[in-house]
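Written below as structure tokens is the structure these notes are about.
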Amino acid sequence: MLRSATTISFAAATLAIAAARTSSAYVWIGYWPTDEIEMRASSVSFPSGSSYRTALGTVEDRFFNNPSKCWINMSYGDTSVGIDNGQNEVWFSSNDDYLPALTASWRNGSGEIVEADVIFFNGDLIDDDPDDWQEYWTTSMSKSVVAGYDDGADEVRYRTFESSCLHEFGHVAGLQHEDDEYNLMGQSWTHIYCNGSTCRSGVGEDYSDGLVDIYGRATGSFEDVGVTLFRHLGSSDGYSTHAFNKMYSSSGGSLSSDLYGNQRRYSVTRGSSYRVYFTYENNGETSHTVSAAFYISLDSTIDTSDTRIATKSMTLGRNDPYTTYATVTIPSDLISGNTLYLGVIIDYNNTLSEVDGSNNAAYHIIKVN
Ligand SMILES: [Zn+2]
């Protein structure tokens, strides 16, 4: 294929690319002429048995669960990676030109992407910063480790390779940065889903919508709804920024809270009602009306065996993430002084057959008075 264009899209750097097309939110810069993208992983960066190889496999799976025809087929053991060599590759480099990570891609004159490489900087991701703060990649998705939940108390922070790599794979497929709603092509380390003590990555609604627009809908049923504690906050250099959803009084007033572990814990009163915010997504092919159920749980893993205190029906289309609240009443029979978990499960009654059932729950932490 004639390689006439040499556009390089810097994934995490500051160079901006004119968008080929904008829709309601997502932005894309090019497309592959085929639905299957072949990616090759460096044998040095992703050796057999390493946690990074496992994480890359997870990223491949997460990407596969997008509702478009596009998918990425990973192969491993590439011993000769490099930019502009006719192969799509992913590797770690000690060259800080790649800080913290970037996707370099080339298009031909028709807008078709002909090569895309993903390079992660291997070292301190903020080492040009004048202060002592450090940040490193991690394959851990433990809530006690990931940057999305970091309380800033330590001078070392860990950015999730999984969600960042999934962000870079969005660039590989042709997506560009996006800042006007909660989405993975913005701040990737706060685009995660947590139930229990472990978080997970996922493509999310806007990314899914963009890929469907470029590549068309997958054949077969690819339905998925999800819920997360995070929401859209604002914009920074073209990236969406995200923050935690909160709980409020029934009239929208602030609640007193403290930090519990690395998450806010709200003081609530038995018998009183509260607004409980979460962000809901449809990461699938078609619109659905589903029900969210709200639970009180003794532990941070929310499941349908917990005590259900409310339900809320909502119609989720594949358009924009939906940040909203439900009003719930704290049961009067809870024991005062206890720390509990106020969780949600979207499609709790399992009306949908989903490609991924592990992004359906999220929680706030409460202390009962
Ligand atoms: Zn990027």
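In the structure tokens, chains take letters A, B, ... by order of appearance, with residues numbered from 1 within each chain and ligands from 1 in the order shown.
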
With range 339-361 of chain A as the partner and 8 Å as the cut-off, tabulate the residues of range 188-220 of chain A that qualify, each row holding the nearest pair of atoms and their distance in Å to one decimal, using only C-alpha atoms, sorted by chain and rising number, as JSON lines.
```
{"residue": "A:Tyr193", "atom": "CA", "partner": "A:Asn359", "partner_atom": "CA", "distance": 6.1}
{"residue": "A:Cys194", "atom": "CA", "partner": "A:Ala361", "partner_atom": "CA", "distance": 7.4}
{"residue": "A:Asn195", "atom": "CA", "partner": "A:Ala361", "partner_atom": "CA", "distance": 5.8}
{"residue": "A:Arg200", "atom": "CA", "partner": "A:Asn359", "partner_atom": "CA", "distance": 7.7}
{"residue": "A:Gly202", "atom": "CA", "partner": "A:Asn359", "partner_atom": "CA", "distance": 7.9}
```

What are the closest atom pairs, with distances in Å to one decimal, for all residues of range 138-236 of chain A lying within 12 Å of range 298-311 of chain A? Consider only C-alpha atoms, order rows by chain and residue number, and present the result as CSV.
```
residue,atom,partner,partner_atom,distance
A:Lys143,CA,A:Ser300,CA,11.1
A:Cys194,CA,A:Thr301,CA,9.0
A:Asn195,CA,A:Thr301,CA,5.4
A:Gly196,CA,A:Thr301,CA,3.9
A:Ser197,CA,A:Ser300,CA,7.0
A:Thr198,CA,A:Thr301,CA,9.4
A:Cys199,CA,A:Thr301,CA,11.2
```

Checklist line | Selected residue of minimal separation from His171 in chain A among A:Gly186, A:Pro331, A:Gly234, A:Gly148, counting only C-alpha atoms | finding: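 That would be A:Gly186, the residue with the smallest distance to His171 in chain A.
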
Next item on the list: List the neighbours of Glu285 in chain A out to 10 Å using only C-alpha atoms; skip same-chain residues closer than 3 positions along the sequence, and give me the result as a PyMOL selection string.
Entry: chain A and resi 66-68+208-209+212+216-224+282+288+317-318

Preceding selection exported with N, CA and C atoms as a short mmCIF file (atom, residue, chain, number, x, y, z; two decimals), in the first residue's frame:
```
data_model
loop_
_atom_site.label_atom_id
_atom_site.label_comp_id
_atom_site.auth_asym_id
_atom_site.auth_seq_id
_atom_site.Cartn_x
_atom_site.Cartn_y
_atom_site.Cartn_z
N ASN A 66 -16.29 -4.43 22.39
CA ASN A 66 -16.96 -3.25 21.83
C ASN A 66 -18.00 -3.72 20.81
N PRO A 67 -19.07 -2.94 20.61
CA PRO A 67 -20.19 -3.40 19.79
C PRO A 67 -20.04 -3.17 18.29
N SER A 68 -18.84 -2.77 17.85
CA SER A 68 -18.64 -2.55 16.41
C SER A 68 -18.02 -3.80 15.79
N SER A 208 -17.42 3.13 22.38
CA SER A 208 -18.22 2.15 21.63
C SER A 208 -18.98 2.82 20.51
N ASP A 209 -19.57 3.96 20.84
CA ASP A 209 -20.36 4.70 19.85
C ASP A 209 -19.48 5.13 18.67
N VAL A 212 -18.60 2.12 16.45
CA VAL A 212 -19.75 1.70 15.64
C VAL A 212 -19.94 2.66 14.46
N GLY A 216 -19.28 0.23 11.80
CA GLY A 216 -20.58 -0.44 11.72
C GLY A 216 -20.76 -1.41 12.87
N ARG A 217 -22.00 -1.81 13.10
CA ARG A 217 -22.32 -2.69 14.21
C ARG A 217 -21.85 -4.11 13.97
N ALA A 218 -21.39 -4.73 15.03
CA ALA A 218 -20.99 -6.13 14.97
C ALA A 218 -22.18 -7.00 14.61
N THR A 219 -21.90 -8.09 13.93
CA THR A 219 -22.96 -9.05 13.69
C THR A 219 -23.14 -9.89 14.95
N GLY A 220 -24.33 -10.38 15.16
CA GLY A 220 -24.61 -11.07 16.41
C GLY A 220 -24.96 -10.07 17.47
N SER A 221 -25.24 -10.54 18.65
CA SER A 221 -25.69 -9.67 19.72
C SER A 221 -24.51 -9.21 20.57
N PHE A 222 -24.27 -7.91 20.59
CA PHE A 222 -23.24 -7.34 21.45
C PHE A 222 -23.92 -6.30 22.32
N GLU A 223 -24.50 -6.74 23.42
CA GLU A 223 -25.17 -5.82 24.32
C GLU A 223 -24.42 -5.73 25.64
N ASP A 224 -24.35 -4.53 26.18
CA ASP A 224 -23.68 -4.36 27.47
C ASP A 224 -24.12 -3.05 28.11
N ASN A 282 -24.52 2.61 28.25
CA ASN A 282 -24.89 1.54 27.33
C ASN A 282 -23.72 1.36 26.37
N HIS A 288 -31.94 0.21 25.44
CA HIS A 288 -32.70 -0.69 26.31
C HIS A 288 -33.24 0.07 27.51
N GLY A 317 -29.64 4.59 25.86
CA GLY A 317 -29.31 4.46 24.44
C GLY A 317 -27.81 4.51 24.26
N ARG A 318 -27.32 4.16 23.09
CA ARG A 318 -25.89 4.31 22.83
C ARG A 318 -25.68 5.73 22.29
#
```

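In this comparison, which uses only C-alpha atoms, the residue of A:Ala55, A:Ser42, A:Gly170, A:Trp106 approaching Ile72 in chain A most closely is A:Gly170.
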
Check: Contacts of range 84-96 of chain A at 7 Å or less, counting only C-alpha atoms, minus same-chain residues fewer than 4 places along, as a PyMOL selection string?
Finding: chain A and resi 38-42+45+115-123

Notebook entry, point to check: When distances are computed from only C-alpha atoms and all ligand atoms, which of A:Asp206, A:Asp213, A:Glu281, A:Asp179 shows the smallest separation from ligand 1?
Noted result: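 Checking each of A:Asp206, A:Asp213, A:Glu281, A:Asp179 against ligand 1, counting only C-alpha atoms and all ligand atoms, the winner is A:Asp179.
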
Next item on the list: Counting only C-alpha atoms and all ligand atoms, figure out which residue out of A:Leu175, A:Val225, A:Ala153, A:Leu255 gets nearest to ligand 1.
Entry: A:Leu175

Next item on the list: Select from range 278-336 of chain A everything DSSP, run on the backbone, classes as strand (DSSP E), then give the selection as an NGL selection string.
Entry: :A and (278-282 or 288-297 or 307-316 or 322-329)

Quick one: write out the picked residues with C-alpha atoms as a CSV table (one decimal), in the first residue's frame?
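The file below, selection.csv, is the result:
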```
chain,number,residue,atom,x,y,z
A,278,PHE,CA,-23.7,7.1,39.6
A,279,THR,CA,-22.9,7.1,35.9
A,280,TYR,CA,-24.7,4.6,33.7
A,281,GLU,CA,-23.6,3.5,30.3
A,282,ASN,CA,-24.9,1.5,27.3
A,288,HIS,CA,-32.7,-0.7,26.3
A,289,THR,CA,-34.9,0.2,29.2
A,290,VAL,CA,-33.4,-1.5,32.3
A,291,SER,CA,-33.7,-1.2,36.0
A,292,ALA,CA,-31.0,-0.3,38.5
A,293,ALA,CA,-31.4,-1.6,42.0
A,294,PHE,CA,-29.8,-0.1,45.1
A,295,TYR,CA,-28.5,-2.2,48.0
A,296,ILE,CA,-27.1,-2.0,51.5
A,297,SER,CA,-24.1,-4.3,51.7
A,307,THR,CA,-30.5,-5.8,51.0
A,308,ARG,CA,-32.3,-4.1,48.2
A,309,ILE,CA,-33.7,-0.7,49.2
A,310,ALA,CA,-34.8,0.9,45.9
A,311,THR,CA,-35.0,0.5,42.2
A,312,LYS,CA,-35.0,2.9,39.3
A,313,SER,CA,-35.9,2.3,35.7
A,314,MET,CA,-34.0,4.1,33.0
A,315,THR,CA,-33.7,4.0,29.2
A,316,LEU,CA,-30.0,3.8,28.1
A,322,TYR,CA,-26.0,9.1,31.9
A,323,THR,CA,-25.1,10.6,35.2
A,324,THR,CA,-28.1,10.7,37.5
A,325,TYR,CA,-29.3,10.1,41.0
A,326,ALA,CA,-31.8,7.9,42.7
A,327,THR,CA,-33.4,8.9,46.0
A,328,VAL,CA,-33.0,6.1,48.6
A,329,THR,CA,-34.0,5.8,52.2
```

Note to self: Could you go through range 101-215 of chain A and tell me which residues DSSP, when run on the backbone, assigns to helix (DSSP H, G or I), listing them as a PyMOL selection string?
What the structure shows: chain A and resi 147-149+161-173+188-190+204-215

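With distances taken over only C-alpha atoms and all ligand atoms, A:Tyr239 is the one residue among A:Tyr239, A:Trp189, A:Tyr274, A:Phe161 lying closest to ligand 1.
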
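If you measure from each of A:Lys367, A:Arg62, A:Arg275, A:His167 to Ser256 in chain A using only C-alpha atoms, the closest one turns out to be A:Lys367.
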
Next item on the list: State, in Å with one decimal place, the distance from CA of His191 in chain A to CA of Trp71 in chain A.
Entry: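 So the answer is 20.3 Å.
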